[in-house]
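Student: Got target12.tsv for you, TSV, C-alpha atoms:
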chain	number	residue	atom	x	y	z
A	1	MET	CA	2.07	-19.53	23.91
A	2	ALA	CA	5.74	-18.62	24.27
A	3	THR	CA	8.57	-18.88	26.77
A	4	THR	CA	10.80	-16.10	25.42
A	5	VAL	CA	10.21	-12.69	23.90
A	6	ILE	CA	11.92	-13.81	20.69
A	7	SER	CA	9.61	-16.81	20.32
A	8	ALA	CA	6.58	-14.65	21.16
A	9	PHE	CA	7.38	-12.16	18.39
A	10	ASN	CA	8.18	-14.95	15.93
A	11	GLU	CA	4.82	-16.58	16.64
A	12	PHE	CA	3.00	-13.25	16.47
A	13	GLN	CA	4.52	-12.41	13.09
A	14	LYS	CA	3.92	-15.87	11.64
A	15	ASP	CA	0.36	-16.45	12.83
A	16	ILE	CA	-1.16	-12.99	13.18
A	17	VAL	CA	0.72	-10.26	11.30
A	18	ASN	CA	2.48	-11.54	8.18
A	19	LEU	CA	0.55	-12.85	5.20
A	20	ASP	CA	0.13	-16.59	4.90
A	21	SER	CA	2.54	-17.76	2.18
A	22	GLU	CA	0.06	-20.22	0.64
A	23	LYS	CA	-2.64	-17.55	0.36
A	24	SER	CA	-0.12	-15.17	-1.19
A	25	LYS	CA	0.81	-17.84	-3.73
A	26	ASN	CA	-2.86	-18.42	-4.60
A	27	ALA	CA	-3.47	-14.69	-4.84
A	28	ASN	CA	-0.59	-14.29	-7.29
A	29	GLY	CA	-2.01	-17.08	-9.41
A	30	SER	CA	-5.43	-15.41	-9.39
A	31	LYS	CA	-3.78	-12.09	-10.32
A	32	ASP	CA	-1.94	-13.63	-13.29
A	33	TRP	CA	-5.17	-15.24	-14.54
A	34	LEU	CA	-7.00	-11.90	-14.29
A	35	ILE	CA	-4.27	-10.02	-16.16
A	36	ASP	CA	-4.37	-12.63	-18.93
A	37	LYS	CA	-8.14	-12.11	-19.23
A	38	ILE	CA	-7.75	-8.32	-19.37
A	39	HIS	CA	-5.13	-8.62	-22.10
A	40	LYS	CA	-7.79	-10.33	-24.24
A	41	PHE	CA	-10.35	-7.52	-23.86
A	42	PRO	CA	-9.36	-5.84	-27.17
A	43	ASP	CA	-9.92	-9.17	-28.94
A	44	ASP	CA	-13.37	-9.63	-27.42
A	45	ASP	CA	-14.49	-5.99	-27.67
A	46	THR	CA	-13.61	-4.12	-30.86
A	47	ASP	CA	-14.16	-0.78	-29.07
A	48	PHE	CA	-11.78	-1.54	-26.20
A	49	PRO	CA	-8.71	0.75	-26.25
A	50	LYS	CA	-5.36	-0.62	-27.33
A	51	LEU	CA	-3.37	-1.97	-24.40
A	52	TYR	CA	0.27	-1.20	-23.63
A	53	SER	CA	1.08	-4.24	-21.53
A	54	ASP	CA	4.77	-3.40	-21.17
A	55	ILE	CA	3.86	-0.83	-18.53
A	56	ASP	CA	1.51	-3.04	-16.48
A	57	ILE	CA	2.61	-2.84	-12.88
A	58	GLN	CA	1.53	-4.16	-9.52
A	59	TYR	CA	1.56	-1.52	-6.80
A	60	GLY	CA	0.46	-1.06	-3.20
A	61	SER	CA	1.56	-2.78	-0.02
A	62	PHE	CA	1.15	-6.31	-1.39
A	63	ALA	CA	3.64	-5.49	-4.15
A	64	ARG	CA	6.03	-3.83	-1.68
A	65	HIS	CA	5.80	-6.77	0.78
A	66	THR	CA	4.57	-4.49	3.54
A	67	LYS	CA	0.99	-5.77	3.66
A	68	ILE	CA	-0.35	-7.47	6.78
A	69	ARG	CA	-3.29	-9.78	7.27
A	70	PRO	CA	-5.89	-9.99	6.00
A	71	LEU	CA	-4.95	-10.17	2.34
A	72	ASP	CA	-8.00	-8.18	1.34
A	73	ASP	CA	-6.94	-6.30	-1.79
A	74	ILE	CA	-4.41	-6.50	-4.60
A	75	ASP	CA	-3.65	-3.40	-6.66
A	76	LEU	CA	-2.94	-3.54	-10.39
A	77	MET	CA	-2.24	-0.87	-12.97
A	78	ILE	CA	-3.07	-1.86	-16.54
A	79	GLY	CA	-1.34	0.05	-19.31
A	80	LEU	CA	-3.14	1.69	-22.23
A	81	SER	CA	-1.58	3.00	-25.42
A	82	ALA	CA	-1.89	6.77	-25.74
A	83	ASP	CA	-2.16	6.66	-29.56
A	84	GLY	CA	-0.97	10.25	-29.85
A	85	THR	CA	-2.91	11.57	-26.85
A	86	THR	CA	-1.29	14.55	-25.11
A	87	TYR	CA	-1.68	15.82	-21.54
A	88	LEU	CA	-1.67	19.12	-19.70
A	89	ASP	CA	-0.79	19.30	-16.02
A	90	TRP	CA	-2.70	22.08	-14.28
A	91	GLY	CA	-0.83	21.60	-10.98
A	92	ILE	CA	-1.44	19.82	-7.66
A	93	GLY	CA	-5.12	19.59	-6.75
A	94	THR	CA	-6.49	20.50	-10.18
A	95	GLY	CA	-5.93	17.31	-12.13
A	96	ILE	CA	-4.42	16.57	-15.52
A	97	SER	CA	-6.43	16.79	-18.74
A	98	MET	CA	-5.71	14.46	-21.65
A	99	THR	CA	-6.51	15.44	-25.22
A	100	VAL	CA	-7.23	12.63	-27.69
A	101	PRO	CA	-6.54	13.08	-31.43
A	102	ASP	CA	-9.37	12.23	-33.82
A	103	THR	CA	-7.26	9.39	-35.19
A	104	ALA	CA	-7.42	7.52	-31.83
A	105	THR	CA	-10.98	6.40	-32.48
A	106	LYS	CA	-11.32	3.98	-29.56
A	107	LEU	CA	-10.13	6.49	-26.98
A	108	LYS	CA	-12.23	9.20	-28.65
A	109	LYS	CA	-15.37	7.23	-27.71
A	110	LEU	CA	-14.36	7.58	-24.05
A	111	CYS	CA	-14.07	11.37	-24.15
A	112	ASN	CA	-16.41	13.91	-22.64
A	113	ASP	CA	-19.41	14.58	-24.86
A	114	ASN	CA	-18.60	16.74	-27.89
A	115	SER	CA	-14.94	17.07	-26.92
A	116	ASN	CA	-11.53	15.45	-27.25
A	117	THR	CA	-10.93	15.37	-23.48
A	118	LEU	CA	-10.49	11.83	-22.23
A	119	ASN	CA	-12.81	11.05	-19.32
A	120	SER	CA	-11.12	8.73	-16.81
A	121	ILE	CA	-14.46	7.60	-15.37
A	122	LYS	CA	-15.56	6.41	-18.80
A	123	VAL	CA	-12.26	4.54	-19.16
A	124	ILE	CA	-12.79	2.78	-15.82
A	125	ASN	CA	-16.37	1.96	-16.75
A	126	LYS	CA	-15.11	0.39	-19.98
A	127	PHE	CA	-12.98	-1.97	-17.87
A	128	ILE	CA	-15.96	-2.70	-15.62
A	129	LYS	CA	-18.19	-3.58	-18.58
A	130	ASN	CA	-15.64	-6.04	-19.93
A	131	LEU	CA	-14.93	-7.57	-16.51
A	132	LYS	CA	-18.66	-8.27	-16.18
A	133	ASP	CA	-18.51	-10.19	-19.45
A	134	VAL	CA	-15.98	-12.66	-18.03
A	135	SER	CA	-18.07	-15.71	-17.17
A	136	GLN	CA	-15.91	-16.65	-14.17
A	137	TYR	CA	-16.78	-13.30	-12.59
A	138	ALA	CA	-20.54	-13.60	-13.15
A	139	ASN	CA	-21.29	-13.78	-9.43
A	140	SER	CA	-18.75	-11.13	-8.44
A	141	THR	CA	-19.43	-7.51	-7.55
A	142	ILE	CA	-17.70	-5.15	-9.98
A	143	LYS	CA	-17.87	-1.41	-9.39
A	144	ARG	CA	-15.92	1.84	-9.59
A	145	ASN	CA	-14.23	3.28	-6.51
A	146	GLN	CA	-12.45	6.57	-7.22
A	147	GLU	CA	-9.55	5.71	-9.58
A	148	ALA	CA	-10.11	1.94	-9.74
A	149	ALA	CA	-12.40	-0.71	-11.11
A	150	VAL	CA	-12.94	-2.92	-8.07
A	151	LEU	CA	-13.46	-6.65	-8.59
A	152	GLU	CA	-14.89	-8.15	-5.41
A	153	LEU	CA	-14.42	-11.89	-5.57
A	154	SER	CA	-16.13	-14.54	-3.50
A	155	TYR	CA	-12.87	-15.42	-1.75
A	156	GLU	CA	-10.72	-13.36	0.55
A	157	TRP	CA	-9.15	-10.71	-1.66
A	158	ASN	CA	-10.43	-8.10	-4.10
A	159	PHE	CA	-8.64	-6.54	-7.05
A	160	ASP	CA	-8.33	-2.80	-7.60
A	161	ILE	CA	-7.70	-2.38	-11.31
A	162	VAL	CA	-6.41	1.03	-12.36
A	163	PRO	CA	-6.05	2.00	-16.04
A	164	CYS	CA	-2.91	3.98	-16.73
A	165	PHE	CA	-0.84	5.73	-19.37
A	166	PHE	CA	2.90	6.29	-19.40
A	167	THR	CA	4.45	9.65	-20.21
A	168	LYS	CA	7.48	10.50	-22.26
A	169	PRO	CA	10.34	12.08	-20.28
A	170	GLU	CA	9.48	15.58	-19.12
A	171	THR	CA	11.96	18.47	-19.08
A	172	ASP	CA	13.59	17.11	-15.92
A	173	GLY	CA	13.95	13.65	-17.47
A	174	ARG	CA	11.27	12.06	-15.29
A	175	THR	CA	8.54	9.79	-16.59
A	176	TYR	CA	5.22	9.20	-14.87
A	177	TYR	CA	2.21	6.97	-14.82
A	178	LEU	CA	-1.06	8.85	-15.41
A	179	ILE	CA	-4.03	7.33	-13.58
A	180	PRO	CA	-7.64	8.44	-12.93
A	181	ASP	CA	-8.08	11.07	-10.23
A	182	GLY	CA	-11.60	9.97	-9.26
A	183	ASN	CA	-13.24	13.06	-10.80
A	184	GLY	CA	-12.92	12.37	-14.51
A	185	ASN	CA	-9.45	13.81	-14.98
A	186	TRP	CA	-6.02	12.23	-14.43
A	187	LYS	CA	-3.13	12.48	-11.98
A	188	LYS	CA	0.54	11.51	-11.83
A	189	THR	CA	2.03	8.68	-9.83
A	190	ASP	CA	5.06	6.39	-9.98
A	191	PRO	CA	4.86	3.14	-7.99
A	192	ARG	CA	8.32	2.19	-9.22
A	193	LEU	CA	9.82	4.75	-6.85
A	194	ASP	CA	7.88	3.47	-3.85
A	195	LYS	CA	8.99	-0.09	-4.47
A	196	GLU	CA	12.60	0.92	-5.10
A	197	ARG	CA	12.64	2.94	-1.88
A	198	VAL	CA	11.35	0.11	0.28
A	199	THR	CA	13.78	-2.33	-1.33
A	200	SER	CA	16.84	-0.09	-0.97
A	201	ILE	CA	16.14	0.88	2.66
A	202	ASN	CA	15.40	-2.72	3.60
A	203	LYS	CA	18.65	-3.84	1.92
A	204	LYS	CA	20.61	-1.12	3.75
A	205	HIS	CA	19.33	-2.61	7.02
A	206	ASP	CA	20.15	-6.22	6.09
A	207	GLY	CA	16.54	-7.11	5.31
A	208	ASN	CA	15.25	-6.30	8.80
A	209	VAL	CA	12.94	-3.38	8.00
A	210	LEU	CA	9.94	-5.17	6.48
A	211	ASN	CA	9.02	-7.06	9.65
A	212	VAL	CA	9.21	-3.84	11.66
A	213	ILE	CA	6.92	-2.05	9.20
A	214	ARG	CA	4.40	-4.89	9.33
A	215	ILE	CA	4.41	-5.12	13.14
A	216	LEU	CA	3.84	-1.38	13.42
A	217	LYS	CA	1.10	-1.48	10.80
A	218	TYR	CA	-0.66	-3.97	13.05
A	219	TRP	CA	-0.22	-1.54	15.95
A	220	ASN	CA	-1.55	1.27	13.75
A	221	ARG	CA	-4.80	-0.66	13.22
A	222	ARG	CA	-5.49	-1.24	16.90
A	223	PRO	CA	-8.56	0.55	18.31
A	224	THR	CA	-6.48	2.43	20.88
A	225	MET	CA	-6.21	5.54	18.69
A	226	PRO	CA	-7.16	6.81	15.22
A	227	SER	CA	-5.44	4.86	12.45
A	228	SER	CA	-3.06	6.64	10.10
A	229	PRO	CA	-3.52	6.01	6.37
A	230	SER	CA	-1.34	3.02	5.53
A	231	TYR	CA	0.84	4.77	2.92
A	232	LEU	CA	1.47	7.73	5.21
A	233	PHE	CA	2.34	5.45	8.11
A	234	GLU	CA	4.67	3.31	6.02
A	235	ASN	CA	6.60	6.35	4.84
A	236	LEU	CA	6.81	7.72	8.37
A	237	ILE	CA	8.62	4.52	9.38
A	238	LEU	CA	10.77	4.46	6.24
A	239	ASN	CA	11.86	8.05	6.93
A	240	TYR	CA	13.28	6.88	10.25
A	241	PHE	CA	15.26	4.02	8.74
A	242	ALA	CA	16.43	6.16	5.80
A	243	SER	CA	18.17	8.57	8.17
A	244	SER	CA	19.12	6.23	11.02
A	245	PRO	CA	22.90	5.74	11.39
A	246	ASP	CA	22.27	2.42	13.14
A	247	LYS	CA	21.11	-0.70	11.35
A	248	ALA	CA	17.77	-2.25	12.22
A	249	SER	CA	18.00	-5.23	14.53
A	250	GLU	CA	16.85	-8.63	13.32
A	251	PHE	CA	14.92	-8.82	16.61
A	252	VAL	CA	11.82	-6.71	15.98
A	253	ASP	CA	11.24	-5.73	19.61
A	254	MET	CA	14.66	-4.07	19.86
A	255	ASN	CA	13.63	-1.54	17.19
A	256	LEU	CA	10.30	-0.57	18.69
A	257	PRO	CA	11.13	1.91	21.48
A	258	THR	CA	12.94	4.27	19.11
A	259	LEU	CA	10.23	3.83	16.45
A	260	PHE	CA	7.47	4.68	18.91
A	261	SER	CA	9.47	7.74	19.92
A	262	HIS	CA	9.85	8.70	16.24
A	263	ILE	CA	6.11	8.33	15.65
A	264	ASN	CA	5.36	10.31	18.80
A	265	THR	CA	7.29	13.29	17.40
A	266	TYR	CA	6.97	13.17	13.64
A	267	ILE	CA	3.29	12.27	13.28
A	268	MET	CA	2.71	15.92	14.23
A	269	TYR	CA	4.59	17.21	11.18
A	270	ALA	CA	4.37	17.07	7.41
A	271	VAL	CA	5.36	13.78	5.82
A	272	ASN	CA	6.32	14.63	2.28
A	273	ASP	CA	5.65	12.26	-0.59
A	274	PRO	CA	9.02	10.66	-1.39
A	275	LYS	CA	8.05	10.69	-5.08
A	276	ASN	CA	7.68	14.49	-4.97
A	277	ILE	CA	4.25	14.23	-6.56
A	278	GLN	CA	1.58	14.41	-3.87
A	279	GLY	CA	3.08	16.93	-1.46
A	280	ASP	CA	2.30	16.41	2.24
A	281	LEU	CA	0.88	12.93	2.87
A	282	ASN	CA	-0.14	13.80	6.43
A	283	THR	CA	-3.79	14.81	6.07
A	284	LEU	CA	-4.72	13.77	9.62
A	285	THR	CA	-6.54	16.32	11.73
A	286	TYR	CA	-4.68	17.94	14.61
A	287	SER	CA	-6.81	15.95	17.07
A	288	GLU	CA	-5.97	12.69	15.31
A	289	LYS	CA	-2.28	13.54	15.30
A	290	GLN	CA	-2.37	14.30	19.00
A	291	LYS	CA	-4.07	11.03	19.87
A	292	ILE	CA	-1.62	8.97	17.80
A	293	SER	CA	1.32	10.87	19.27
A	294	SER	CA	0.05	10.29	22.78
A	295	ARG	CA	-0.45	6.56	22.19
A	296	ALA	CA	3.03	6.28	20.67
A	297	TYR	CA	4.52	7.98	23.74
A	298	THR	CA	2.64	5.65	26.12
A	299	ASP	CA	3.65	2.56	24.18
A	300	CYS	CA	7.23	3.76	23.93
A	301	GLN	CA	7.41	3.77	27.73
A	302	LYS	CA	5.85	0.31	27.85
A	303	ALA	CA	8.30	-0.97	25.22
A	304	LEU	CA	11.21	0.33	27.28
A	305	GLU	CA	9.79	-1.49	30.32
A	306	ALA	CA	9.36	-4.67	28.28
A	307	ARG	CA	12.95	-4.46	27.04
A	308	GLN	CA	14.21	-3.99	30.60
A	309	PHE	CA	12.20	-6.98	31.83
A	310	GLU	CA	13.76	-9.07	29.06
A	311	ASN	CA	17.26	-7.88	29.99
A	312	ASP	CA	16.49	-8.91	33.56
A	313	LYS	CA	15.42	-12.38	32.35
A	314	LYS	CA	11.83	-11.72	33.40
A	315	MET	CA	10.22	-13.19	30.30
A	316	LYS	CA	6.68	-13.40	31.66
A	317	GLU	CA	6.66	-9.74	32.67
A	318	SER	CA	8.18	-8.70	29.36
A	319	ILE	CA	5.69	-10.68	27.26
A	320	ASN	CA	2.79	-9.35	29.32
A	321	LYS	CA	4.01	-5.80	28.72
A	322	TRP	CA	4.14	-6.42	24.97
A	323	ARG	CA	0.58	-7.75	25.21
A	324	GLU	CA	-0.43	-4.38	26.64
A	325	ILE	CA	0.93	-2.79	23.47
A	326	PHE	CA	-0.29	-5.26	20.85
A	327	GLY	CA	-3.38	-6.71	22.52
A	328	ASP	CA	-4.72	-10.17	23.17
A	329	ASN	CA	-3.52	-11.61	19.86
A	330	PHE	CA	0.04	-11.30	21.09
A	331	PRO	CA	1.09	-14.71	22.50
A	332	ARG	CA	0.74	-15.43	26.20
A	333	TYR	CA	3.67	-16.53	28.31
A	334	ASP	CA	3.86	-20.31	28.68
A	335	GLY	CA	6.29	-21.16	31.43
Show me this structure written as structure tokens.
Tutor:
Amino acid sequence: MATTVISAFNEFQKDIVNLDSEKSKNANGSKDWLIDKIHKFPDDDTDFPKLYSDIDIQYGSFARHTKIRPLDDIDLMIGLSADGTTYLDWGIGTGISMTVPDTATKLKKLCNDNSNTLNSIKVINKFIKNLKDVSQYANSTIKRNQEAAVLELSYEWNFDIVPCFFTKPETDGRTYYLIPDGNGNWKKTDPRLDKERVTSINKKHDGNVLNVIRILKYWNRRPTMPSSPSYLFENLILNYFASSPDKASEFVDMNLPTLFSHINTYIMYAVNDPKNIQGDLNTLTYSEKQKISSRAYTDCQKALEARQFENDKKMKESINKWREIFGDNFPRYDG
């Protein structure tokens, strides 16, 4: 219950949208314990590949502080030593092959049969086998899902554990993480760039971007339209703030009309991967794009009405209009 729009949004963010700080703290503790266990795998299994822990990295929305409730998954990349392994990039959509020298005996055991080509599925399955040997995870579900070994714990969050390698600088000076592509080969990524982008844009706007991203991610999940993939949607919003000459307001609602207008227009177009690795992130169908665009237009008009009600000191009407946009979890007016 709220008496002003500001208090309504503050309550909505605290109780419904943003992650609970105590759960986040517990999740980080659980993550650190898991990483420590993984770092001991080569000691417990003489066939486990040599780790390269210096390149371990947390990625995904939890790492970028753009995740909303529930805290259902935490993404980790665990570094492996290449031991002289080389790679060949066949181009977007075809995957990267990795060739293991005979001297790298542990990686050689994870190659395709009768070859020196490293099989990423076998690497993931090696992680899964060792995770199942951790007594504390005896009652957990551990399985492969595309590029990750998924550890489903009995409490709220799961871990997606992705094995990775780190490249030497290529001809353009760039380095990459190589991760499984879900089909046995490998693909490039670089979560460092995603995190740096969020941090720099948020800093440019005096720290006011993250709450806007999270509020709109909540809107994106509502059953009023098809949902955009989270990473696509996040970058669509970041693109707006990256080019906006005006700073984001500390009051979330003041940013929303222009953001809804931005989504209305630009969800229909390509949204290029800011890392220049994946190409167009917008894989939505034309029908899905249309429905999202239409909802964004409708909610833009409602947001403008809500802002006008607030300017006219009509708090009840304004809050009720925001409830039309965000649903029944948005606080009611209490006056």
Student: List the spatial neighbours of A:Lys313 as a list of chain:residue names - criterion: any atom at most 10 Å away, all atoms listed in the file, same-chain residues fewer than 5 positions off excluded.
Tutor: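 Once the nearby chain positions are removed, what remains is A:Thr4, A:Val5, A:Arg307, A:Gln308, A:Ser318.
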Student: Show me, as an mmCIF file with C-alpha atoms, keeping the file's coordinate frame, the residues that have an atom within 12 Å of stretch 249-253 of chain A when counting all atoms listed in the file, minus same-chain residues fewer than 5 positions from it.
Tutor:
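Below is the file result_37.cif, written as the result:
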data_model
loop_
_atom_site.group_PDB
_atom_site.id
_atom_site.type_symbol
_atom_site.label_atom_id
_atom_site.label_comp_id
_atom_site.auth_asym_id
_atom_site.auth_seq_id
_atom_site.Cartn_x
_atom_site.Cartn_y
_atom_site.Cartn_z
ATOM 1 C CA THR A 4 10.800 -16.100 25.420
ATOM 2 C CA VAL A 5 10.210 -12.690 23.900
ATOM 3 C CA ILE A 6 11.920 -13.810 20.690
ATOM 4 C CA SER A 7 9.610 -16.810 20.320
ATOM 5 C CA ALA A 8 6.580 -14.650 21.160
ATOM 6 C CA PHE A 9 7.380 -12.160 18.390
ATOM 7 C CA ASN A 10 8.180 -14.950 15.930
ATOM 8 C CA PHE A 12 3.000 -13.250 16.470
ATOM 9 C CA GLN A 13 4.520 -12.410 13.090
ATOM 10 C CA ASN A 202 15.400 -2.720 3.600
ATOM 11 C CA LYS A 204 20.610 -1.120 3.750
ATOM 12 C CA HIS A 205 19.330 -2.610 7.020
ATOM 13 C CA ASP A 206 20.150 -6.220 6.090
ATOM 14 C CA GLY A 207 16.540 -7.110 5.310
ATOM 15 C CA ASN A 208 15.250 -6.300 8.800
ATOM 16 C CA VAL A 209 12.940 -3.380 8.000
ATOM 17 C CA LEU A 210 9.940 -5.170 6.480
ATOM 18 C CA ASN A 211 9.020 -7.060 9.650
ATOM 19 C CA VAL A 212 9.210 -3.840 11.660
ATOM 20 C CA ILE A 213 6.920 -2.050 9.200
ATOM 21 C CA ARG A 214 4.400 -4.890 9.330
ATOM 22 C CA ILE A 215 4.410 -5.120 13.140
ATOM 23 C CA LEU A 216 3.840 -1.380 13.420
ATOM 24 C CA PHE A 241 15.260 4.020 8.740
ATOM 25 C CA THR A 258 12.940 4.270 19.110
ATOM 26 C CA LEU A 259 10.230 3.830 16.450
ATOM 27 C CA PHE A 260 7.470 4.680 18.910
ATOM 28 C CA CYS A 300 7.230 3.760 23.930
ATOM 29 C CA LYS A 302 5.850 0.310 27.850
ATOM 30 C CA ALA A 303 8.300 -0.970 25.220
ATOM 31 C CA LEU A 304 11.210 0.330 27.280
ATOM 32 C CA GLU A 305 9.790 -1.490 30.320
ATOM 33 C CA ALA A 306 9.360 -4.670 28.280
ATOM 34 C CA ARG A 307 12.950 -4.460 27.040
ATOM 35 C CA GLN A 308 14.210 -3.990 30.600
ATOM 36 C CA GLU A 310 13.760 -9.070 29.060
ATOM 37 C CA SER A 318 8.180 -8.700 29.360
ATOM 38 C CA ILE A 319 5.690 -10.680 27.260
ATOM 39 C CA LYS A 321 4.010 -5.800 28.720
ATOM 40 C CA TRP A 322 4.140 -6.420 24.970
ATOM 41 C CA ILE A 325 0.930 -2.790 23.470
ATOM 42 C CA PHE A 326 -0.290 -5.260 20.850
#
Student: With 12 Å as the cut-off and only C-alpha atoms counted, what is the closest atom pair between each nearby residue of stretch 199-300 of chain A and stretch 160-177 of chain A? Distances in Å to one decimal, ordered by chain and number, as a Markdown table.
Tutor:
| residue | atom | partner | partner_atom | distance |
| --- | --- | --- | --- | --- |
| A:Lys275 | CA | A:Tyr176 | CA | 10.3 |
| A:Asn276 | CA | A:Arg174 | CA | 11.2 |
| A:Ile277 | CA | A:Tyr176 | CA | 9.8 |
Student: From the set A:Thr189, A:Asn114, A:Asn320, A:Thr224, which residue has the shortest atom-to-atom contact distance to A:Ile57, counting only C-alpha atoms?
Tutor: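 Closest residue, counting only C-alpha atoms: A:Thr189.
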Student: List as number ranges by chain the protein and nucleic acid residues near A:Asp54, meaning an atom at most 10 Å away when all atoms listed in the file are counted, but skip any in the same chain fewer than 3 places from it.
Tutor: A: 51, 57, 78-81
Student: So what do you get for atom CA of A:Lys40 versus atom CA of A:Asn26, distance-wise?
Tutor: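 The value is 21.8 Å.
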Student: Just how far from atom CA of A:Gln301 is atom CA of A:Pro257, in Å to one decimal?
Tutor: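 Separation of atom CA of A:Pro257 and atom CA of A:Gln301: 7.5 Å.
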Student: What is the atom CA of A:Asp45-atom CA of A:Asp133 distance in Å, reported with one decimal?
Tutor: 10.1 Å
Student: List the neighbours of A:Ile68 out to 12 Å using all atoms listed in the file; skip same-chain residues closer than 5 positions along the sequence, and give me the result as a PyMOL selection string.
Tutor: chain A and resi 12-21+24+60-63+73+210-221+230+234
Student: Would you mind telling me which residue in A:Thr298, A:Ser30, A:Thr66, A:Thr103 lies nearest to A:Phe233 when using all atoms listed in the file?
Tutor: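 Checking each candidate against A:Phe233, we get A:Thr66 as the closest.
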